[in-house]
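J.: structure_6.cif is reproduced in full below (mmCIF, C-alpha atoms and all ligand atoms).
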```
data_upload
#
loop_
_atom_site.label_atom_id
_atom_site.label_comp_id
_atom_site.auth_asym_id
_atom_site.auth_seq_id
_atom_site.Cartn_x
_atom_site.Cartn_y
_atom_site.Cartn_z
CA MET F 12 83.78 43.53 117.06
CA LYS F 13 82.86 41.15 114.28
CA SER F 14 82.94 42.68 110.87
CA VAL F 15 79.30 41.78 110.19
CA GLN F 16 78.21 43.66 113.30
CA LYS F 17 80.42 46.55 112.30
CA THR F 18 78.86 46.69 108.84
CA VAL F 19 75.38 46.67 110.34
CA LEU F 20 76.32 49.51 112.67
CA VAL F 21 77.83 51.58 109.86
CA LEU F 22 74.74 51.01 107.73
CA ALA F 23 72.45 52.03 110.60
CA TRP F 24 74.48 55.17 111.06
CA LEU F 25 74.33 55.99 107.36
CA VAL F 26 70.58 55.51 107.28
CA ALA F 27 70.11 57.79 110.29
CA LEU F 28 72.30 60.48 108.77
CA PRO F 29 70.33 63.14 106.94
CA ALA F 30 71.68 63.85 103.49
CA ALA F 31 72.18 67.43 104.60
CA ALA F 32 74.82 66.44 107.17
CA GLN F 33 77.52 67.74 104.88
CA ILE F 34 79.61 70.86 105.12
CA ALA F 35 77.40 73.94 105.04
CA LYS F 36 78.92 77.29 104.17
CA LYS F 37 76.84 80.28 105.09
CA PRO F 38 78.10 83.52 103.56
CA ALA F 39 78.69 86.13 106.27
CA VAL F 40 76.30 88.98 105.53
CA PRO F 41 75.66 91.26 108.50
CA ALA F 42 72.28 92.20 109.94
CA ILE F 43 71.32 95.86 109.68
CA PRO F 44 69.74 97.90 112.49
CA GLY F 45 66.22 96.56 113.10
CA TYR F 46 66.44 93.68 110.65
CA GLN F 47 68.04 90.33 110.03
CA THR F 48 69.57 89.85 106.60
CA LEU F 49 68.23 86.63 105.08
CA LEU F 50 69.70 84.99 101.98
CA CYS F 51 66.98 83.81 99.62
CA ASP F 52 66.28 82.39 96.16
CA PHE F 53 62.67 82.74 95.08
CA HIS F 54 62.90 81.01 91.69
CA LEU F 55 63.77 77.29 91.44
CA HIS F 56 62.60 74.43 89.26
CA THR F 57 62.38 70.69 89.83
CA VAL F 58 61.50 67.62 87.75
CA PHE F 59 57.86 68.52 88.38
CA SER F 60 58.30 71.07 85.57
CA ASP F 61 61.40 71.19 83.35
CA GLY F 62 64.06 71.00 86.09
CA GLN F 63 66.61 68.21 86.46
CA VAL F 64 66.31 67.59 90.20
CA TRP F 65 63.94 66.09 92.73
CA PRO F 66 62.48 68.78 95.04
CA THR F 67 64.49 67.62 98.09
CA VAL F 68 67.73 68.45 96.27
CA ARG F 69 66.77 72.14 96.31
CA VAL F 70 66.52 72.01 100.10
CA ASP F 71 69.88 70.25 100.52
CA GLU F 72 71.58 72.71 98.16
CA ALA F 73 70.08 75.65 100.03
CA TRP F 74 71.29 74.20 103.33
CA ARG F 75 74.82 73.64 102.05
CA GLN F 76 75.03 77.14 100.63
CA GLY F 77 73.60 78.81 103.71
CA LEU F 78 70.34 80.06 102.26
CA ASP F 79 67.61 80.97 104.72
CA ALA F 80 64.69 80.52 102.33
CA ILE F 81 63.86 79.19 98.88
CA ALA F 82 60.71 79.17 96.79
CA ILE F 83 59.84 76.20 94.61
CA THR F 84 58.36 77.73 91.46
CA ASP F 85 57.66 75.05 88.88
CA HIS F 86 56.03 76.11 85.63
CA ILE F 87 52.30 75.51 85.42
CA GLU F 88 52.12 75.56 81.63
CA TYR F 89 55.34 73.71 80.79
CA ARG F 90 55.69 70.27 82.35
CA PRO F 91 57.58 67.95 79.99
CA ASN F 92 57.72 65.18 82.64
CA LYS F 93 53.97 65.24 83.21
CA LYS F 94 53.40 61.71 81.93
CA GLU F 95 55.92 60.32 84.45
CA PHE F 96 53.84 61.44 87.42
CA ALA F 97 50.57 59.86 88.49
CA SER F 98 49.65 62.98 90.40
CA SER F 99 48.61 66.08 88.53
CA ASP F 100 48.52 68.09 91.74
CA LEU F 101 50.57 71.23 91.09
CA ASN F 102 51.44 71.48 94.80
CA ARG F 103 53.47 68.25 94.95
CA SER F 104 56.96 69.67 94.35
CA PHE F 105 56.47 72.21 97.13
CA GLU F 106 55.04 69.58 99.51
CA ILE F 107 57.98 67.22 98.97
CA ALA F 108 60.52 70.01 99.50
CA ALA F 109 58.68 71.39 102.54
CA GLN F 110 58.52 67.91 104.12
CA LYS F 111 62.27 67.54 103.66
CA ALA F 112 62.90 70.94 105.27
CA VAL F 113 60.80 70.32 108.40
CA ASP F 114 63.82 69.85 110.70
CA MET F 115 66.19 72.05 108.73
CA PRO F 116 66.93 75.77 108.98
CA VAL F 117 65.70 76.34 105.41
CA LEU F 118 62.27 77.88 104.89
CA VAL F 119 60.46 76.58 101.81
CA ILE F 120 57.96 78.94 100.23
CA HIS F 121 55.07 77.73 98.12
CA GLY F 122 55.17 79.21 94.65
CA THR F 123 54.70 78.71 90.95
CA GLU F 124 55.78 80.21 87.64
CA ILE F 125 52.98 81.51 85.43
CA THR F 126 54.56 80.85 82.06
CA ARG F 127 53.04 82.88 79.23
CA ASP F 128 54.19 84.63 76.08
CA MET F 129 55.45 88.20 76.26
CA PRO F 130 53.59 90.30 77.14
CA PRO F 131 53.35 89.79 80.06
CA GLY F 132 55.96 86.97 79.91
CA HIS F 133 56.74 84.84 82.94
CA LEU F 134 55.65 85.79 86.44
CA ASN F 135 56.24 84.05 89.74
CA ALA F 136 53.57 83.96 92.41
CA ILE F 137 54.80 82.99 95.87
CA PHE F 138 53.22 82.49 99.31
CA LEU F 139 50.41 80.52 97.72
CA SER F 140 48.15 78.08 99.50
CA ASP F 141 47.14 76.12 96.38
CA VAL F 142 48.71 76.27 92.91
CA ASN F 143 45.93 74.30 91.18
CA PRO F 144 43.44 77.21 90.74
CA ILE F 145 46.19 79.14 88.92
CA GLU F 146 46.05 76.74 85.97
CA THR F 147 43.68 78.86 83.90
CA GLU F 148 42.86 79.63 80.29
CA THR F 149 44.21 83.18 80.10
CA TRP F 150 47.24 84.79 81.71
CA LYS F 151 45.03 87.42 83.34
CA GLU F 152 42.90 84.78 85.03
CA ALA F 153 46.09 83.19 86.37
CA ILE F 154 47.29 86.49 87.87
CA ASP F 155 43.84 87.14 89.34
CA ALA F 156 43.77 83.65 90.88
CA ALA F 157 47.21 84.22 92.44
CA ALA F 158 46.19 87.65 93.72
CA GLU F 159 43.10 86.08 95.30
CA GLN F 160 45.50 84.03 97.44
CA ASP F 161 47.30 87.24 98.46
CA ALA F 162 50.41 86.08 96.62
CA PHE F 163 53.52 88.17 96.15
CA ILE F 164 53.79 88.41 92.36
CA PHE F 165 56.90 89.37 90.41
CA TRP F 166 58.00 89.64 86.80
CA ASN F 167 60.71 87.12 85.88
CA HIS F 168 63.71 87.66 83.61
CA PRO F 169 62.17 90.73 81.91
CA GLY F 170 65.05 90.94 79.42
CA TRP F 171 65.13 87.24 78.51
CA LYS F 172 66.12 87.23 74.84
CA ARG F 173 63.85 84.37 73.87
CA GLN F 174 60.91 86.64 74.69
CA GLN F 175 62.51 90.05 74.31
CA PRO F 176 65.05 89.67 71.47
CA ASP F 177 66.88 92.95 72.11
CA GLY F 178 67.36 91.93 75.74
CA ILE F 179 65.95 95.24 76.95
CA PRO F 180 62.94 94.94 79.27
CA HIS F 181 59.87 96.75 78.00
CA TRP F 182 56.94 97.78 80.19
CA TYR F 183 53.88 96.70 78.20
CA ASP F 184 50.24 97.67 78.72
CA GLU F 185 49.72 94.23 80.27
CA HIS F 186 52.25 95.07 82.99
CA GLU F 187 50.65 98.46 83.54
CA GLN F 188 47.28 96.75 83.88
CA ILE F 189 48.25 94.30 86.63
CA TYR F 190 50.49 96.91 88.29
CA SER F 191 47.63 99.41 88.49
CA GLU F 192 45.43 96.68 89.95
CA GLY F 193 48.01 96.09 92.69
CA LYS F 194 48.90 92.64 91.35
CA LEU F 195 52.55 93.19 90.41
CA HIS F 196 54.86 93.67 93.36
CA GLY F 197 58.39 92.91 92.27
CA ILE F 198 60.79 92.36 89.38
CA GLU F 199 63.88 90.25 88.83
CA ILE F 200 66.78 92.60 88.14
CA VAL F 201 69.11 89.59 88.17
CA ASN F 202 68.05 86.21 86.78
CA TYR F 203 70.39 83.25 86.21
CA LYS F 204 73.49 85.02 84.80
CA SER F 205 72.05 88.35 83.66
CA TYR F 206 71.59 91.76 85.26
CA TYR F 207 68.99 94.01 83.65
CA PRO F 208 69.77 97.70 84.32
CA LYS F 209 66.50 98.74 82.68
CA ALA F 210 64.56 96.48 85.04
CA HIS F 211 66.49 97.99 87.94
CA GLN F 212 65.40 101.46 86.81
CA MET F 213 61.79 100.24 86.40
CA ALA F 214 61.85 98.90 89.95
CA ILE F 215 62.96 102.32 91.23
CA ASP F 216 60.41 104.24 89.14
CA LYS F 217 57.49 101.93 89.91
CA LYS F 218 58.49 101.13 93.49
CA LEU F 219 58.74 97.40 92.81
CA THR F 220 60.68 94.99 95.03
CA LEU F 221 64.14 94.02 93.71
CA LEU F 222 64.78 90.32 93.24
CA GLY F 223 67.82 88.34 92.13
CA ASN F 224 67.21 84.62 91.62
CA THR F 225 68.95 81.67 90.02
CA ASP F 226 65.97 80.23 88.08
CA ALA F 227 68.02 77.03 88.35
CA HIS F 228 66.80 74.02 86.39
CA ASP F 229 69.91 71.89 86.95
CA THR F 230 71.75 71.60 90.26
CA ILE F 231 73.34 74.85 91.43
CA GLY F 232 76.74 73.16 91.08
CA MET F 233 76.06 72.42 87.41
CA THR F 234 74.63 75.90 86.80
CA TYR F 235 77.43 78.15 88.07
CA GLU F 236 81.12 77.50 87.34
CA ALA F 237 82.62 78.07 90.77
CA ASP F 238 86.08 77.34 89.32
CA LEU F 239 85.66 80.29 86.95
CA GLY F 240 84.57 82.56 89.76
CA GLU F 241 80.86 82.38 88.96
CA SER F 242 78.41 82.59 91.81
CA ARG F 243 74.67 82.33 92.23
CA PRO F 244 72.67 85.50 92.76
CA TYR F 245 71.00 86.07 96.12
CA THR F 246 67.99 88.09 97.07
CA LEU F 247 68.88 89.64 100.44
CA VAL F 248 65.74 90.13 102.52
CA PHE F 249 65.79 92.49 105.50
CA ALA F 250 63.27 90.77 107.74
CA LYS F 251 62.16 91.33 111.33
CA GLU F 252 62.77 87.64 112.04
CA LYS F 253 63.50 84.43 110.20
CA SER F 254 60.04 83.22 109.26
CA ALA F 255 57.98 82.92 106.09
CA ALA F 256 55.57 85.58 107.39
CA ALA F 257 58.42 88.01 108.10
CA ILE F 258 59.89 87.41 104.62
CA ARG F 259 56.49 88.04 103.06
CA GLU F 260 56.12 91.28 105.03
CA ALA F 261 59.62 92.41 103.99
CA LEU F 262 58.98 91.63 100.30
CA PHE F 263 55.77 93.68 100.24
CA ALA F 264 57.63 96.47 102.09
CA ARG F 265 60.42 96.36 99.44
CA ARG F 266 63.16 95.64 101.98
CA THR F 267 65.45 93.66 99.69
CA ALA F 268 68.74 93.95 97.86
CA VAL F 269 70.41 91.73 95.28
CA TYR F 270 73.99 90.42 95.45
CA TRP F 271 75.54 88.81 92.41
CA GLN F 272 79.09 88.55 91.02
CA GLU F 273 80.51 90.87 93.68
CA THR F 274 77.95 93.59 93.03
CA LEU F 275 75.25 94.70 95.45
CA TYR F 276 72.11 96.35 94.07
CA GLY F 277 69.60 98.01 96.35
CA ASP F 278 68.19 101.11 97.96
CA SER F 279 70.77 103.04 99.98
CA LEU F 280 68.37 102.76 102.95
CA TYR F 281 69.51 99.13 103.21
CA VAL F 282 72.79 98.79 101.34
CA ALA F 283 74.46 101.68 103.18
CA PRO F 284 73.87 100.13 106.64
CA LEU F 285 74.92 96.77 105.22
CA PHE F 286 78.22 98.33 104.15
CA TYR F 287 78.82 100.08 107.48
CA GLU F 288 77.91 96.94 109.47
CA SER F 289 80.47 95.01 107.41
CA ILE F 290 83.35 97.43 107.95
CA GLN F 291 85.47 98.09 110.98
CA VAL F 292 87.82 101.10 111.18
CA PRO F 293 90.04 101.27 114.30
CA ASP F 294 88.87 103.89 116.75
CA THR F 295 92.34 104.39 118.17
CA PRO F 296 94.05 107.18 116.23
CA LEU F 297 96.41 106.36 113.38
CA VAL F 298 99.76 107.84 114.33
CA LEU F 299 101.35 109.91 111.57
CA HIS F 300 104.99 110.86 111.94
CA GLY F 301 105.11 114.20 110.22
CA LYS F 302 104.82 113.67 106.46
CA ALA F 303 105.70 109.96 106.52
CA ARG F 304 103.18 107.51 105.04
CA ALA F 305 101.03 105.37 107.33
CA TRP F 306 98.31 102.81 106.87
CA VAL F 307 95.00 102.41 108.60
CA ALA F 308 93.83 98.78 108.78
CA ILE F 309 90.25 98.45 107.56
CA THR F 310 88.54 95.15 108.24
CA ASN F 311 85.67 93.77 106.17
CA ARG F 312 83.95 91.20 108.36
CA SER F 313 81.49 90.17 105.65
CA ASP F 314 81.77 87.78 102.72
CA LEU F 315 80.85 90.63 100.37
CA VAL F 316 83.57 92.50 98.49
CA TYR F 317 83.64 96.30 98.44
CA ARG F 318 85.54 98.35 95.84
CA LEU F 319 86.22 101.88 97.02
CA GLU F 320 87.27 104.92 94.98
CA LEU F 321 88.22 108.15 96.69
CA GLU F 322 85.51 110.69 95.92
CA ALA F 323 87.11 113.90 97.14
CA PRO F 324 90.50 114.92 98.48
CA VAL F 325 90.83 115.52 102.20
CA GLY F 326 92.52 118.88 102.82
CA GLY F 327 96.10 118.51 104.03
CA TYR F 328 96.32 114.76 103.35
CA GLU F 329 97.12 112.39 100.54
CA ILE F 330 94.91 109.30 100.55
CA ALA F 331 94.97 106.18 98.40
CA GLU F 332 92.71 106.65 95.38
CA GLU F 333 91.43 103.09 95.38
CA VAL F 334 91.11 100.27 97.85
CA VAL F 335 89.43 96.88 97.56
CA LEU F 336 88.00 95.63 100.84
CA ALA F 337 88.26 91.92 100.19
CA SER F 338 85.80 89.63 101.96
CA GLY F 339 86.76 88.61 105.47
CA ALA F 340 90.06 90.49 105.23
CA THR F 341 91.91 93.42 106.73
CA VAL F 342 93.23 95.84 104.14
CA PRO F 343 95.62 98.81 104.55
CA LEU F 344 94.50 102.25 103.40
CA GLN F 345 97.44 104.56 102.83
CA ILE F 346 97.33 108.02 104.36
CA ARG F 347 100.05 110.68 104.27
CA SER F 348 100.00 114.10 105.81
CA LEU F 349 101.09 117.01 103.67
CA ASN F 350 102.35 119.01 106.62
CA SER F 351 104.09 118.15 109.83
CA THR F 352 102.56 120.17 112.64
CA GLU F 353 101.13 118.31 115.61
CA THR F 354 97.41 117.64 115.51
CA ASN F 355 94.60 115.32 116.63
CA GLU F 356 91.62 115.09 114.33
CA THR F 357 89.17 112.72 112.71
CA LEU F 358 89.29 112.58 108.94
CA ALA F 359 85.96 112.11 107.14
CA ILE F 360 87.09 110.29 104.00
CA ARG F 361 84.47 110.07 101.27
CA PHE F 362 84.45 107.14 98.87
CA ARG F 363 82.29 105.81 96.07
CA VAL F 364 81.67 102.07 96.41
CA THR F 365 81.75 101.18 92.74
CA ASN F 366 80.18 97.74 93.23
CA ILE F 367 77.22 98.91 95.32
CA LEU F 368 74.57 100.35 93.03
CA PRO F 369 71.49 102.00 94.56
CA ARG F 370 70.67 103.02 90.97
CA PRO F 371 71.97 101.38 87.78
CA ASP F 372 74.43 104.18 87.03
CA GLN F 373 75.10 105.54 90.49
CA PRO F 374 77.44 103.98 93.04
CA LEU F 375 76.85 104.32 96.77
CA ARG F 376 78.71 107.11 98.54
CA VAL F 377 80.12 106.35 101.97
CA THR F 378 82.25 108.17 104.51
CA LEU F 379 84.90 106.51 106.65
CA GLN F 380 85.78 108.29 109.88
CA VAL F 381 89.49 107.82 110.57
CA PRO F 382 90.99 109.39 113.71
CA VAL F 383 94.60 110.48 113.24
CA GLN F 384 97.25 111.81 115.55
CA ARG F 385 100.05 113.65 113.80
CA LEU F 386 103.33 114.01 115.59
CA ALA F 387 105.80 116.62 114.53
CA SER F 388 108.79 114.80 113.07
CA GLN F 389 112.16 116.16 112.01
CA ASP F 390 113.13 113.23 109.80
CA ALA F 391 109.85 112.88 107.89
CA LYS F 392 110.30 112.50 104.16
ZN ZN F 401 60.67 81.77 83.16
ZN ZN F 402 61.81 79.80 85.77
#
```
The structure in this file should be written as structure tokens.
T.:
Amino acid sequence: MKSVQKTVLVLAWLVALPAAAQIAKKPAVPAIPGYQTLLCDFHLHTVFSDGQVWPTVRVDEAWRQGLDAIAITDHIEYRPNKKEFASSDLNRSFEIAAQKAVDMPVLVIHGTEITRDMPPGHLNAIFLSDVNPIETETWKEAIDAAAEQDAFIFWNHPGWKRQQPDGIPHWYDEHEQIYSEGKLHGIEIVNYKSYYPKAHQMAIDKKLTLLGNTDAHDTIGMTYEADLGESRPYTLVFAKEKSAAAIREALFARRTAVYWQETLYGDSLYVAPLFYESIQVPDTPLVLHGKARAWVAITNRSDLVYRLELEAPVGGYEIAEEVVLASGATVPLQIRSLNSTETNETLAIRFRVTNILPRPDQPLRVTLQVPVQRLASQDAK
């Protein structure tokens, strides 16, 4: 083949190749009974507000990192690039991202960030049909306009130091007002690189949906130092199917959890099944030779990490006090019998999972069922 023809062919191939045809890595996070587990980020900026990226970049990033859904939430009130754009339509960043995602497995949700002083601070409204009516004089009019579109509305970075200098979220009268009117549905307990325990407690007390979002302005790669072990937060949504409508339903029903920096935050209704669906304990009995040590191989099929601490001793046995179930790995848990008579039984071993927090100060408790068969042994040590 002549080199000119070859060049033309290569160029044609490059043009036909979507930018997203790169390596995509979807974190393995199991479904739970009745629901799919979707990985989402409901807080992202583009050049249409103060972000550094064109809206399509958000879709490509989401695809590469295995996200199921993202919301484009540009600020209404802060648009430093405004003069660069002929259009003043506040829906443009969403439309450009949504167009890009048409043939991709990434759902793009139409949102905006209502950007006001504290109180009430910044709030995201998502599942909008039109952002333009939300550009209003007062913050309350903006919330009302979003509520009129049946938006899901949540409080962003409630402990952001620029607005709340002590970093401790405070529930102001303004929050109580929109909450009592049914216009505040969720709260970010993780934003960017911060976890707010007080916000987590507020979410439990007020029955608000938990959210953990990046609030990325730059690319995700420039925002989190992967080489230093940093990772983006995810909002895990337990949805009946992968669709925008099912995500919306799940958000209003508070079926979410947040995963960030190897910690999972969420109601035990969802995080406990997520743990058990991740873990596999052999159902064939572990053979113990009298008092000799043995190891049961526990497999964690997920990309989440689980840190277990023994909660209570199991009568007649000595069990490892701590075990880390590394992602996608099989890990030995040491078990030793304290006597050497023959038996067949199933041990119910209770652990605290110190990096799963249904409440800010309370780890999840789990029980692993481990069948053992103890053989009498003369030479056991
Ligand atoms: Zn904000
Ligand atoms: Zn933001």
J.: Taking all atoms listed in the file into account, which residues have an atom no farther than 12 Å from ligand ZN 402 (chain F)? I'd like them as a short mmCIF file (atom, residue, chain, number, x, y, z; two decimals) with C-alpha atoms, in the frame of the given file.
T.:
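Wrote part11.cif, looks like this:
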```
data_model
loop_
_atom_site.label_atom_id
_atom_site.label_comp_id
_atom_site.auth_asym_id
_atom_site.auth_seq_id
_atom_site.Cartn_x
_atom_site.Cartn_y
_atom_site.Cartn_z
CA ASP F 52 66.28 82.39 96.16
CA PHE F 53 62.67 82.74 95.08
CA HIS F 54 62.90 81.01 91.69
CA LEU F 55 63.77 77.29 91.44
CA HIS F 56 62.60 74.43 89.26
CA THR F 57 62.38 70.69 89.83
CA SER F 60 58.30 71.07 85.57
CA ASP F 61 61.40 71.19 83.35
CA GLY F 62 64.06 71.00 86.09
CA ALA F 82 60.71 79.17 96.79
CA ILE F 83 59.84 76.20 94.61
CA THR F 84 58.36 77.73 91.46
CA ASP F 85 57.66 75.05 88.88
CA HIS F 86 56.03 76.11 85.63
CA ILE F 87 52.30 75.51 85.42
CA GLU F 88 52.12 75.56 81.63
CA TYR F 89 55.34 73.71 80.79
CA ARG F 90 55.69 70.27 82.35
CA GLY F 122 55.17 79.21 94.65
CA THR F 123 54.70 78.71 90.95
CA GLU F 124 55.78 80.21 87.64
CA ILE F 125 52.98 81.51 85.43
CA THR F 126 54.56 80.85 82.06
CA ARG F 127 53.04 82.88 79.23
CA GLY F 132 55.96 86.97 79.91
CA HIS F 133 56.74 84.84 82.94
CA LEU F 134 55.65 85.79 86.44
CA ASN F 135 56.24 84.05 89.74
CA ALA F 136 53.57 83.96 92.41
CA PHE F 165 56.90 89.37 90.41
CA TRP F 166 58.00 89.64 86.80
CA ASN F 167 60.71 87.12 85.88
CA HIS F 168 63.71 87.66 83.61
CA PRO F 169 62.17 90.73 81.91
CA TRP F 171 65.13 87.24 78.51
CA GLU F 199 63.88 90.25 88.83
CA ASN F 202 68.05 86.21 86.78
CA TYR F 203 70.39 83.25 86.21
CA ASN F 224 67.21 84.62 91.62
CA THR F 225 68.95 81.67 90.02
CA ASP F 226 65.97 80.23 88.08
CA ALA F 227 68.02 77.03 88.35
CA HIS F 228 66.80 74.02 86.39
CA ASP F 229 69.91 71.89 86.95
#
```
J.: Under the rule that all atoms listed in the file are counted, which of F:Val142, F:Val298, F:Met129, F:Val381 is the nearest residue to ligand ZN 401 (chain F)?
T.: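 Answer, going by the shortest atom-to-atom distance: F:Met129.
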J.: Using only C-alpha atoms - which residues lie no farther than 10 Å from the point (102.1, 105.4, 109.2) in the file's frame? Write them as a list in words.
T.: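 Returned residue set, sorted by chain then number, is Leu297, Val298, Leu299, His300, Gly301, Lys302, Ala303, Arg304, Ala305, Trp306, Val307, Gln345, Ile346, Arg347, Ser348, Val383 and Arg385 of chain F.
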J.: Measure the distance from CA of Ile120 (chain F) to CA of Phe105 (chain F) in Å and round it to one decimal.
T.: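 About the pair CA of Ile120 (chain F) and CA of Phe105 (chain F): they are 7.6 Å apart.
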J.: When you look at Ile258 (chain F) with a cut-off of 9 Å (counting all atoms listed in the file), what residues show up, excluding the ones that are within fewer than 5 positions of it in the same chain? I need them as a ChimeraX atom specification.
T.: /F:49,80,248-253,263
J.: Rounded to one decimal, what separation in Å do you get between CA of Val334 (chain F) and CA of Gln384 (chain F)?
T.: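 Interatomic distance here is 22.0 Å.
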J.: Using only C-alpha atoms and all ligand atoms, can you tell me which of F:Ala112, F:Leu285, F:Arg173, F:Pro208 comes closest to ligand ZN 401 (chain F)?
T.: F:Arg173
J.: Tell me, in Å to one decimal, how far CA of Asp314 (chain F) is from CA of Pro293 (chain F).
T.: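 The value is 19.6 Å.
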J.: I'd like the contact shell of Asn311 (chain F) - 10 Å cut-off, only C-alpha atoms, skipping same-chain residues fewer than 6 positions apart - returned as a list in words.
T.: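 Final neighbour list, sorted by chain and number: Phe286, Tyr287, Glu288, Ser289, Ile290, Gln291, Val292, Tyr317, Val335, Leu336, Ala337, Ser338, Gly339, Ala340, Thr341 and Val342 of chain F.
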J.: Counting all atoms listed in the file, which of F:Pro41, F:Pro131, F:Pro66, F:Gly77 gets nearest to ligand ZN 401 (chain F)?
T.: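 For ligand ZN 401 (chain F), the nearest of the given residues is F:Pro131.
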